[in-house]
>>> print(open('protein32.cif').read())   # mmCIF, C-alpha atoms, pLDDT in the B column; chains and numbers go by the auth columns
data_upload
loop_
_atom_site.group_PDB
_atom_site.id
_atom_site.type_symbol
_atom_site.label_atom_id
_atom_site.label_comp_id
_atom_site.label_asym_id
_atom_site.label_seq_id
_atom_site.Cartn_x
_atom_site.Cartn_y
_atom_site.Cartn_z
_atom_site.B_iso_or_equiv
_atom_site.auth_seq_id
_atom_site.auth_asym_id
ATOM 1 C CA MET A 1 -22.085 -33.345 13.998 44.00 1 A
ATOM 2 C CA ALA A 2 -25.371 -35.168 14.545 47.00 2 A
ATOM 3 C CA PHE A 3 -25.614 -33.569 17.984 46.00 3 A
ATOM 4 C CA LEU A 4 -25.893 -30.079 16.463 44.00 4 A
ATOM 5 C CA GLY A 5 -29.282 -28.771 15.335 47.00 5 A
ATOM 6 C CA LYS A 6 -29.858 -26.661 12.205 46.00 6 A
ATOM 7 C CA ALA A 7 -29.582 -23.385 14.136 45.00 7 A
ATOM 8 C CA SER A 8 -26.319 -24.485 15.735 43.00 8 A
ATOM 9 C CA LEU A 9 -24.907 -25.579 12.368 39.00 9 A
ATOM 10 C CA SER A 10 -25.809 -22.193 10.874 40.00 10 A
ATOM 11 C CA ALA A 11 -24.094 -20.381 13.750 40.00 11 A
ATOM 12 C CA LEU A 12 -21.029 -22.616 13.449 37.00 12 A
ATOM 13 C CA PHE A 13 -20.887 -22.063 9.666 39.00 13 A
ATOM 14 C CA PHE A 14 -21.121 -18.284 10.129 39.00 14 A
ATOM 15 C CA PHE A 15 -18.402 -18.342 12.802 38.00 15 A
ATOM 16 C CA ILE A 16 -16.005 -20.346 10.637 40.00 16 A
ATOM 17 C CA CYS A 17 -16.758 -18.623 7.312 39.00 17 A
ATOM 18 C CA ARG A 18 -17.373 -15.031 8.311 40.00 18 A
ATOM 19 C CA PRO A 19 -15.008 -12.512 6.748 41.00 19 A
ATOM 20 C CA PRO A 20 -12.335 -10.999 8.991 42.00 20 A
ATOM 21 C CA VAL A 21 -13.234 -7.666 10.519 41.00 21 A
ATOM 22 C CA LEU A 22 -10.712 -4.857 10.235 41.00 22 A
ATOM 23 C CA ASP A 23 -11.032 -2.494 13.168 41.00 23 A
ATOM 24 C CA LEU A 24 -10.141 0.852 11.680 40.00 24 A
ATOM 25 C CA SER A 25 -12.025 2.851 14.292 38.00 25 A
ATOM 26 C CA LEU A 26 -8.795 3.654 16.134 37.00 26 A
ATOM 27 C CA HIS A 27 -7.338 5.283 13.046 44.00 27 A
ATOM 28 C CA ILE A 28 -9.432 8.385 12.475 44.00 28 A
ATOM 29 C CA SER A 29 -7.523 9.999 9.656 55.00 29 A
ATOM 30 C CA TYR A 30 -7.382 12.799 7.147 59.00 30 A
ATOM 31 C CA LEU A 31 -5.990 13.341 3.655 61.00 31 A
ATOM 32 C CA ILE A 32 -3.694 16.105 2.457 65.00 32 A
ATOM 33 C CA ASN A 33 -3.261 16.585 -1.280 64.00 33 A
ATOM 34 C CA LEU A 34 -0.077 17.963 -2.867 62.00 34 A
ATOM 35 C CA ASN A 35 -1.591 21.458 -2.837 61.00 35 A
ATOM 36 C CA GLY A 36 -1.963 21.289 0.953 65.00 36 A
ATOM 37 C CA ALA A 37 -5.769 20.963 1.093 63.00 37 A
ATOM 38 C CA ILE A 38 -6.923 18.885 4.076 66.00 38 A
ATOM 39 C CA TYR A 39 -10.079 16.798 3.977 61.00 39 A
ATOM 40 C CA GLU A 40 -11.601 13.697 5.515 71.00 40 A
ATOM 41 C CA PRO A 41 -10.937 10.435 3.698 70.00 41 A
ATOM 42 C CA SER A 42 -13.818 8.234 2.682 76.00 42 A
ATOM 43 C CA GLN A 43 -14.500 5.037 4.585 84.00 43 A
ATOM 44 C CA LEU A 44 -13.194 3.219 1.517 88.00 44 A
ATOM 45 C CA ASP A 45 -9.875 5.104 1.711 90.00 45 A
ATOM 46 C CA GLU A 46 -9.489 3.999 5.327 89.00 46 A
ATOM 47 C CA TYR A 47 -10.538 0.448 4.470 92.00 47 A
ATOM 48 C CA PHE A 48 -8.088 0.134 1.566 95.00 48 A
ATOM 49 C CA MET A 49 -5.215 1.700 3.546 93.00 49 A
ATOM 50 C CA GLY A 50 -5.864 -0.886 6.276 93.00 50 A
ATOM 51 C CA ILE A 51 -5.575 -3.665 3.692 96.00 51 A
ATOM 52 C CA THR A 52 -2.398 -2.068 2.330 96.00 52 A
ATOM 53 C CA HIS A 53 -0.829 -2.431 5.783 95.00 53 A
ATOM 54 C CA LEU A 54 -1.790 -6.121 5.864 96.00 54 A
ATOM 55 C CA VAL A 55 -0.149 -6.618 2.457 97.00 55 A
ATOM 56 C CA ALA A 56 3.026 -4.890 3.735 96.00 56 A
ATOM 57 C CA LYS A 57 3.402 -7.599 6.397 95.00 57 A
ATOM 58 C CA ARG A 58 4.366 -10.025 3.590 93.00 58 A
ATOM 59 C CA SER A 59 7.442 -7.922 2.780 92.00 59 A
ATOM 60 C CA THR A 60 10.834 -9.613 2.946 89.00 60 A
ATOM 61 C CA CYS A 61 12.816 -6.360 2.990 88.00 61 A
ATOM 62 C CA LEU A 62 15.036 -5.799 6.017 86.00 62 A
ATOM 63 C CA ARG A 63 14.890 -1.992 5.807 85.00 63 A
ATOM 64 C CA ARG A 64 11.191 -1.189 5.470 88.00 64 A
ATOM 65 C CA GLN A 65 7.981 -3.069 4.845 93.00 65 A
ATOM 66 C CA VAL A 66 5.897 -1.518 2.085 95.00 66 A
ATOM 67 C CA GLY A 67 2.537 -2.646 0.749 97.00 67 A
ATOM 68 C CA ALA A 68 0.557 -1.492 -2.286 98.00 68 A
ATOM 69 C CA ILE A 69 -2.850 -2.293 -3.700 98.00 69 A
ATOM 70 C CA ILE A 70 -4.457 -1.206 -6.957 98.00 70 A
ATOM 71 C CA VAL A 71 -8.185 -0.500 -6.746 98.00 71 A
ATOM 72 C CA LYS A 72 -10.812 0.347 -9.348 97.00 72 A
ATOM 73 C CA ASP A 73 -14.569 0.639 -8.888 95.00 73 A
ATOM 74 C CA LYS A 74 -14.233 -0.453 -5.229 94.00 74 A
ATOM 75 C CA ASN A 75 -12.488 -3.699 -6.258 96.00 75 A
ATOM 76 C CA ILE A 76 -8.912 -4.719 -5.462 97.00 76 A
ATOM 77 C CA LEU A 77 -7.244 -5.574 -8.773 98.00 77 A
ATOM 78 C CA ALA A 78 -3.722 -6.398 -7.580 98.00 78 A
ATOM 79 C CA THR A 79 -1.518 -6.312 -4.498 97.00 79 A
ATOM 80 C CA GLY A 80 2.229 -6.020 -4.071 97.00 80 A
ATOM 81 C CA TYR A 81 4.841 -5.828 -1.355 95.00 81 A
ATOM 82 C CA ASN A 82 8.557 -5.160 -1.540 94.00 82 A
ATOM 83 C CA GLY A 83 10.862 -8.146 -1.837 91.00 83 A
ATOM 84 C CA ALA A 84 13.053 -10.198 -4.151 90.00 84 A
ATOM 85 C CA PRO A 85 11.671 -11.608 -7.423 90.00 85 A
ATOM 86 C CA SER A 86 9.966 -15.013 -7.369 90.00 86 A
ATOM 87 C CA GLY A 87 12.422 -17.886 -7.108 91.00 87 A
ATOM 88 C CA VAL A 88 15.306 -15.684 -5.918 90.00 88 A
ATOM 89 C CA SER A 89 16.723 -15.671 -2.385 88.00 89 A
ATOM 90 C CA HIS A 90 15.207 -12.998 -0.182 86.00 90 A
ATOM 91 C CA CYS A 91 17.187 -10.437 1.783 86.00 91 A
ATOM 92 C CA LEU A 92 15.907 -12.147 4.924 84.00 92 A
ATOM 93 C CA ASP A 93 18.024 -15.139 3.841 88.00 93 A
ATOM 94 C CA VAL A 94 21.122 -13.516 2.299 90.00 94 A
ATOM 95 C CA GLY A 95 21.252 -10.073 3.921 87.00 95 A
ATOM 96 C CA CYS A 96 20.647 -6.593 2.570 85.00 96 A
ATOM 97 C CA LEU A 97 22.960 -5.546 -0.262 87.00 97 A
ATOM 98 C CA ARG A 98 22.109 -1.887 0.324 84.00 98 A
ATOM 99 C CA GLU A 99 23.065 -2.129 4.007 86.00 99 A
ATOM 100 C CA LYS A 100 26.356 -3.849 3.104 87.00 100 A
ATOM 101 C CA LEU A 101 27.185 -1.082 0.632 90.00 101 A
ATOM 102 C CA GLY A 102 25.963 1.742 2.921 89.00 102 A
ATOM 103 C CA ILE A 103 23.461 3.101 0.382 87.00 103 A
ATOM 104 C CA PRO A 104 20.987 5.617 1.877 84.00 104 A
ATOM 105 C CA SER A 105 17.253 5.333 1.322 78.00 105 A
ATOM 106 C CA GLY A 106 16.033 6.960 -1.883 74.00 106 A
ATOM 107 C CA GLU A 107 19.309 6.527 -3.777 80.00 107 A
ATOM 108 C CA ARG A 108 20.740 3.991 -6.239 86.00 108 A
ATOM 109 C CA HIS A 109 17.562 1.893 -6.597 77.00 109 A
ATOM 110 C CA GLU A 110 19.305 -0.423 -9.051 82.00 110 A
ATOM 111 C CA LEU A 111 21.537 -1.729 -6.254 81.00 111 A
ATOM 112 C CA CYS A 112 18.878 -3.808 -4.530 85.00 112 A
ATOM 113 C CA ARG A 113 17.739 -7.430 -4.784 84.00 113 A
ATOM 114 C CA GLY A 114 14.120 -6.444 -4.298 87.00 114 A
ATOM 115 C CA LEU A 115 11.292 -4.906 -6.253 92.00 115 A
ATOM 116 C CA HIS A 116 9.160 -2.158 -4.790 93.00 116 A
ATOM 117 C CA ALA A 117 5.590 -2.876 -3.710 96.00 117 A
ATOM 118 C CA GLU A 118 4.165 -0.654 -6.456 97.00 118 A
ATOM 119 C CA GLN A 119 6.227 -2.476 -9.099 96.00 119 A
ATOM 120 C CA ASN A 120 5.028 -5.854 -7.832 96.00 120 A
ATOM 121 C CA ALA A 121 1.379 -4.724 -7.870 98.00 121 A
ATOM 122 C CA ILE A 122 1.664 -3.459 -11.469 98.00 122 A
ATOM 123 C CA ILE A 123 3.489 -6.648 -12.513 97.00 123 A
ATOM 124 C CA GLN A 124 0.837 -8.844 -10.864 97.00 124 A
ATOM 125 C CA ALA A 125 -1.920 -7.013 -12.730 97.00 125 A
ATOM 126 C CA ALA A 126 -0.055 -7.434 -16.052 97.00 126 A
ATOM 127 C CA LYS A 127 0.771 -11.085 -15.340 96.00 127 A
ATOM 128 C CA HIS A 128 -2.913 -11.868 -14.861 97.00 128 A
ATOM 129 C CA GLY A 129 -4.165 -9.657 -17.703 97.00 129 A
ATOM 130 C CA THR A 130 -5.898 -7.142 -15.434 97.00 130 A
ATOM 131 C CA GLY A 131 -6.266 -3.630 -16.799 97.00 131 A
ATOM 132 C CA ILE A 132 -5.401 -0.931 -14.273 98.00 132 A
ATOM 133 C CA GLU A 133 -5.923 2.219 -16.313 97.00 133 A
ATOM 134 C CA GLY A 134 -7.986 4.751 -14.353 98.00 134 A
ATOM 135 C CA SER A 135 -7.361 3.012 -11.035 98.00 135 A
ATOM 136 C CA THR A 136 -6.164 4.197 -7.618 97.00 136 A
ATOM 137 C CA LEU A 137 -2.916 2.995 -6.059 98.00 137 A
ATOM 138 C CA TYR A 138 -2.890 2.789 -2.253 97.00 138 A
ATOM 139 C CA CYS A 139 0.629 2.506 -0.851 97.00 139 A
ATOM 140 C CA THR A 140 2.168 2.713 2.594 95.00 140 A
ATOM 141 C CA THR A 141 4.995 4.861 1.153 92.00 141 A
ATOM 142 C CA MET A 142 5.122 7.601 -1.502 92.00 142 A
ATOM 143 C CA PRO A 143 6.403 6.023 -4.746 93.00 143 A
ATOM 144 C CA CYS A 144 10.023 6.546 -5.834 91.00 144 A
ATOM 145 C CA ILE A 145 10.930 7.893 -9.278 92.00 145 A
ATOM 146 C CA ILE A 146 11.105 4.439 -10.902 93.00 146 A
ATOM 147 C CA CYS A 147 7.691 3.449 -9.534 95.00 147 A
ATOM 148 C CA SER A 148 6.273 6.883 -10.387 95.00 148 A
ATOM 149 C CA LYS A 149 7.211 6.496 -14.053 96.00 149 A
ATOM 150 C CA MET A 150 5.578 3.061 -14.128 97.00 150 A
ATOM 151 C CA ILE A 151 2.452 4.429 -12.423 97.00 151 A
ATOM 152 C CA ILE A 152 2.204 7.302 -14.918 97.00 152 A
ATOM 153 C CA ASN A 153 2.533 4.996 -17.940 97.00 153 A
ATOM 154 C CA ALA A 154 0.142 2.411 -16.472 97.00 154 A
ATOM 155 C CA GLY A 155 -2.593 5.070 -16.457 97.00 155 A
ATOM 156 C CA ILE A 156 -3.167 5.066 -12.697 98.00 156 A
ATOM 157 C CA LYS A 157 -5.124 8.248 -11.908 97.00 157 A
ATOM 158 C CA ARG A 158 -4.802 8.589 -8.130 96.00 158 A
ATOM 159 C CA ILE A 159 -2.219 7.718 -5.476 95.00 159 A
ATOM 160 C CA VAL A 160 -2.973 7.540 -1.755 95.00 160 A
ATOM 161 C CA PHE A 161 0.142 7.105 0.384 92.00 161 A
ATOM 162 C CA GLU A 162 0.967 7.310 4.069 91.00 162 A
ATOM 163 C CA MET A 163 4.711 7.864 4.583 87.00 163 A
ATOM 164 C CA GLY A 164 6.878 10.199 2.586 82.00 164 A
ATOM 165 C CA TYR A 165 9.898 9.103 0.554 79.00 165 A
ATOM 166 C CA PRO A 166 12.977 11.254 -0.142 74.00 166 A
ATOM 167 C CA ASP A 167 12.541 11.603 -3.918 79.00 167 A
ATOM 168 C CA GLN A 168 11.841 15.126 -5.156 87.00 168 A
ATOM 169 C CA LEU A 169 11.929 14.145 -8.845 90.00 169 A
ATOM 170 C CA ALA A 170 9.172 11.562 -8.279 89.00 170 A
ATOM 171 C CA GLU A 171 6.940 14.200 -6.700 88.00 171 A
ATOM 172 C CA GLU A 172 7.618 16.659 -9.526 91.00 172 A
ATOM 173 C CA MET A 173 6.863 14.121 -12.274 93.00 173 A
ATOM 174 C CA ILE A 174 3.668 12.919 -10.620 92.00 174 A
ATOM 175 C CA ARG A 175 2.493 16.501 -10.160 90.00 175 A
ATOM 176 C CA GLU A 176 3.266 17.259 -13.810 93.00 176 A
ATOM 177 C CA SER A 177 1.398 14.124 -14.967 95.00 177 A
ATOM 178 C CA GLY A 178 -1.845 15.286 -13.365 93.00 178 A
ATOM 179 C CA ILE A 179 -2.215 12.222 -11.139 94.00 179 A
ATOM 180 C CA ILE A 180 -4.175 13.058 -7.983 92.00 180 A
ATOM 181 C CA VAL A 181 -1.967 12.444 -4.940 91.00 181 A
ATOM 182 C CA ASP A 182 -3.301 12.284 -1.398 89.00 182 A
ATOM 183 C CA SER A 183 -1.230 11.834 1.748 86.00 183 A
ATOM 184 C CA PHE A 184 -3.143 9.655 4.214 84.00 184 A
ATOM 185 C CA GLN A 185 -2.450 10.885 7.753 80.00 185 A
ATOM 186 C CA LYS A 186 -3.388 8.986 10.891 71.00 186 A
ATOM 187 C CA ARG A 187 -4.341 10.995 13.911 58.00 187 A
ATOM 188 C CA ASP A 188 -2.930 9.725 17.161 54.00 188 A
ATOM 189 C CA SER A 189 -5.167 9.054 20.174 41.00 189 A
ATOM 190 C CA ALA A 190 -4.254 12.355 21.819 39.00 190 A
ATOM 191 C CA GLN A 191 -5.427 14.310 18.775 44.00 191 A
ATOM 192 C CA GLU A 192 -8.667 12.325 18.585 43.00 192 A
ATOM 193 C CA GLU A 193 -9.626 13.165 22.197 43.00 193 A
ATOM 194 C CA ARG A 194 -9.342 16.954 21.641 38.00 194 A
#
>>> encode(input="protein32.cif", output="structure tokens")
Amino acid sequence: MAFLGKASLSALFFFICRPPVLDLSLHISYLINLNGAIYEPSQLDEYFMGITHLVAKRSTCLRRQVGAIIVKDKNILATGYNGAPSGVSHCLDVGCLREKLGIPSGERHELCRGLHAEQNAIIQAAKHGTGIEGSTLYCTTMPCIICSKMIINAGIKRIVFEMGYPDQLAEEMIRESGIIVDSFQKRDSAQEER
């Protein structure tokens, strides 16, 4: 490296060590709360939903890839994705029990090798002694009833999700608990040009 001057070393260091840039400019979005009110999400909502999608890519589920992150005071406290418990064979390796048994989405959650992304995020926070009371959960999918009960008891105060999930009881319990729920909606390119 003797052939590089100080300026070149600084440029090389910046190039190697710079943080990755998430291009969220193509995803102009809006939020809809459970009461139907529509409003623009903050830049932080878009940023954290982008990270949630990156976390979902770690999923080992054959049916759907779900990611979740828990955020408080603009800091990510824990992440989770859906998949089998640590040290147990993943569905990618042994096949999907739910597919074999013909179980539809949103039913019989106990008949699955995997944990949900929200469960894994809450477990990771507990495992590392991180308090999540008063936090926001960002998730690619609306939580199911099992996850919703965990979220309520963990003291999470807001949920931002993107895709719906067929679980009416979960929605009712979350509404009753007073947790703020926002549906993050991406606008497609055609909508953006109008």
>>> resolve_selection(input="protein32.cif", expression="the PyMOL selection byres ((chain A and resi 119) around 12)", output="compact mmCIF listing (two decimals) with C-alpha atoms, in the coordinates of the input")
# COMPACT_ATOMS: atom_id res chain seq x y z
CA VAL A 66 5.90 -1.52 2.08
CA GLY A 67 2.54 -2.65 0.75
CA ALA A 68 0.56 -1.49 -2.29
CA ILE A 69 -2.85 -2.29 -3.70
CA ILE A 70 -4.46 -1.21 -6.96
CA ALA A 78 -3.72 -6.40 -7.58
CA THR A 79 -1.52 -6.31 -4.50
CA GLY A 80 2.23 -6.02 -4.07
CA TYR A 81 4.84 -5.83 -1.36
CA ASN A 82 8.56 -5.16 -1.54
CA GLY A 83 10.86 -8.15 -1.84
CA ALA A 84 13.05 -10.20 -4.15
CA PRO A 85 11.67 -11.61 -7.42
CA GLY A 114 14.12 -6.44 -4.30
CA LEU A 115 11.29 -4.91 -6.25
CA HIS A 116 9.16 -2.16 -4.79
CA ALA A 117 5.59 -2.88 -3.71
CA GLU A 118 4.16 -0.65 -6.46
CA ASN A 120 5.03 -5.85 -7.83
CA ALA A 121 1.38 -4.72 -7.87
CA ILE A 122 1.66 -3.46 -11.47
CA ILE A 123 3.49 -6.65 -12.51
CA GLN A 124 0.84 -8.84 -10.86
CA ALA A 125 -1.92 -7.01 -12.73
CA ALA A 126 -0.06 -7.43 -16.05
CA LYS A 127 0.77 -11.08 -15.34
CA LEU A 137 -2.92 3.00 -6.06
CA CYS A 139 0.63 2.51 -0.85
CA PRO A 143 6.40 6.02 -4.75
CA CYS A 144 10.02 6.55 -5.83
CA ILE A 145 10.93 7.89 -9.28
CA ILE A 146 11.10 4.44 -10.90
CA CYS A 147 7.69 3.45 -9.53
CA SER A 148 6.27 6.88 -10.39
CA LYS A 149 7.21 6.50 -14.05
CA MET A 150 5.58 3.06 -14.13
CA ILE A 151 2.45 4.43 -12.42
CA ALA A 154 0.14 2.41 -16.47
>>> atom_distance(input="protein32.cif", atom1="atom CA of Asp73 of chain A", atom2="atom CA of Gly134 of chain A")
9.5 Å
>>> closest_residue(input="protein32.cif", among="A:Ile159, A:Ala170, A:Leu62, A:Leu77", to="Cys96 of chain A", atoms="only C-alpha atoms")
A:Leu62
>>> resolve_selection(input="protein32.cif", expression="the PyMOL selection byres ((chain A and resi 63) around 12)", output="ChimeraX atom specification")
/A:59-62,64-66,82-83,91-92,95-100,103-106,112,114
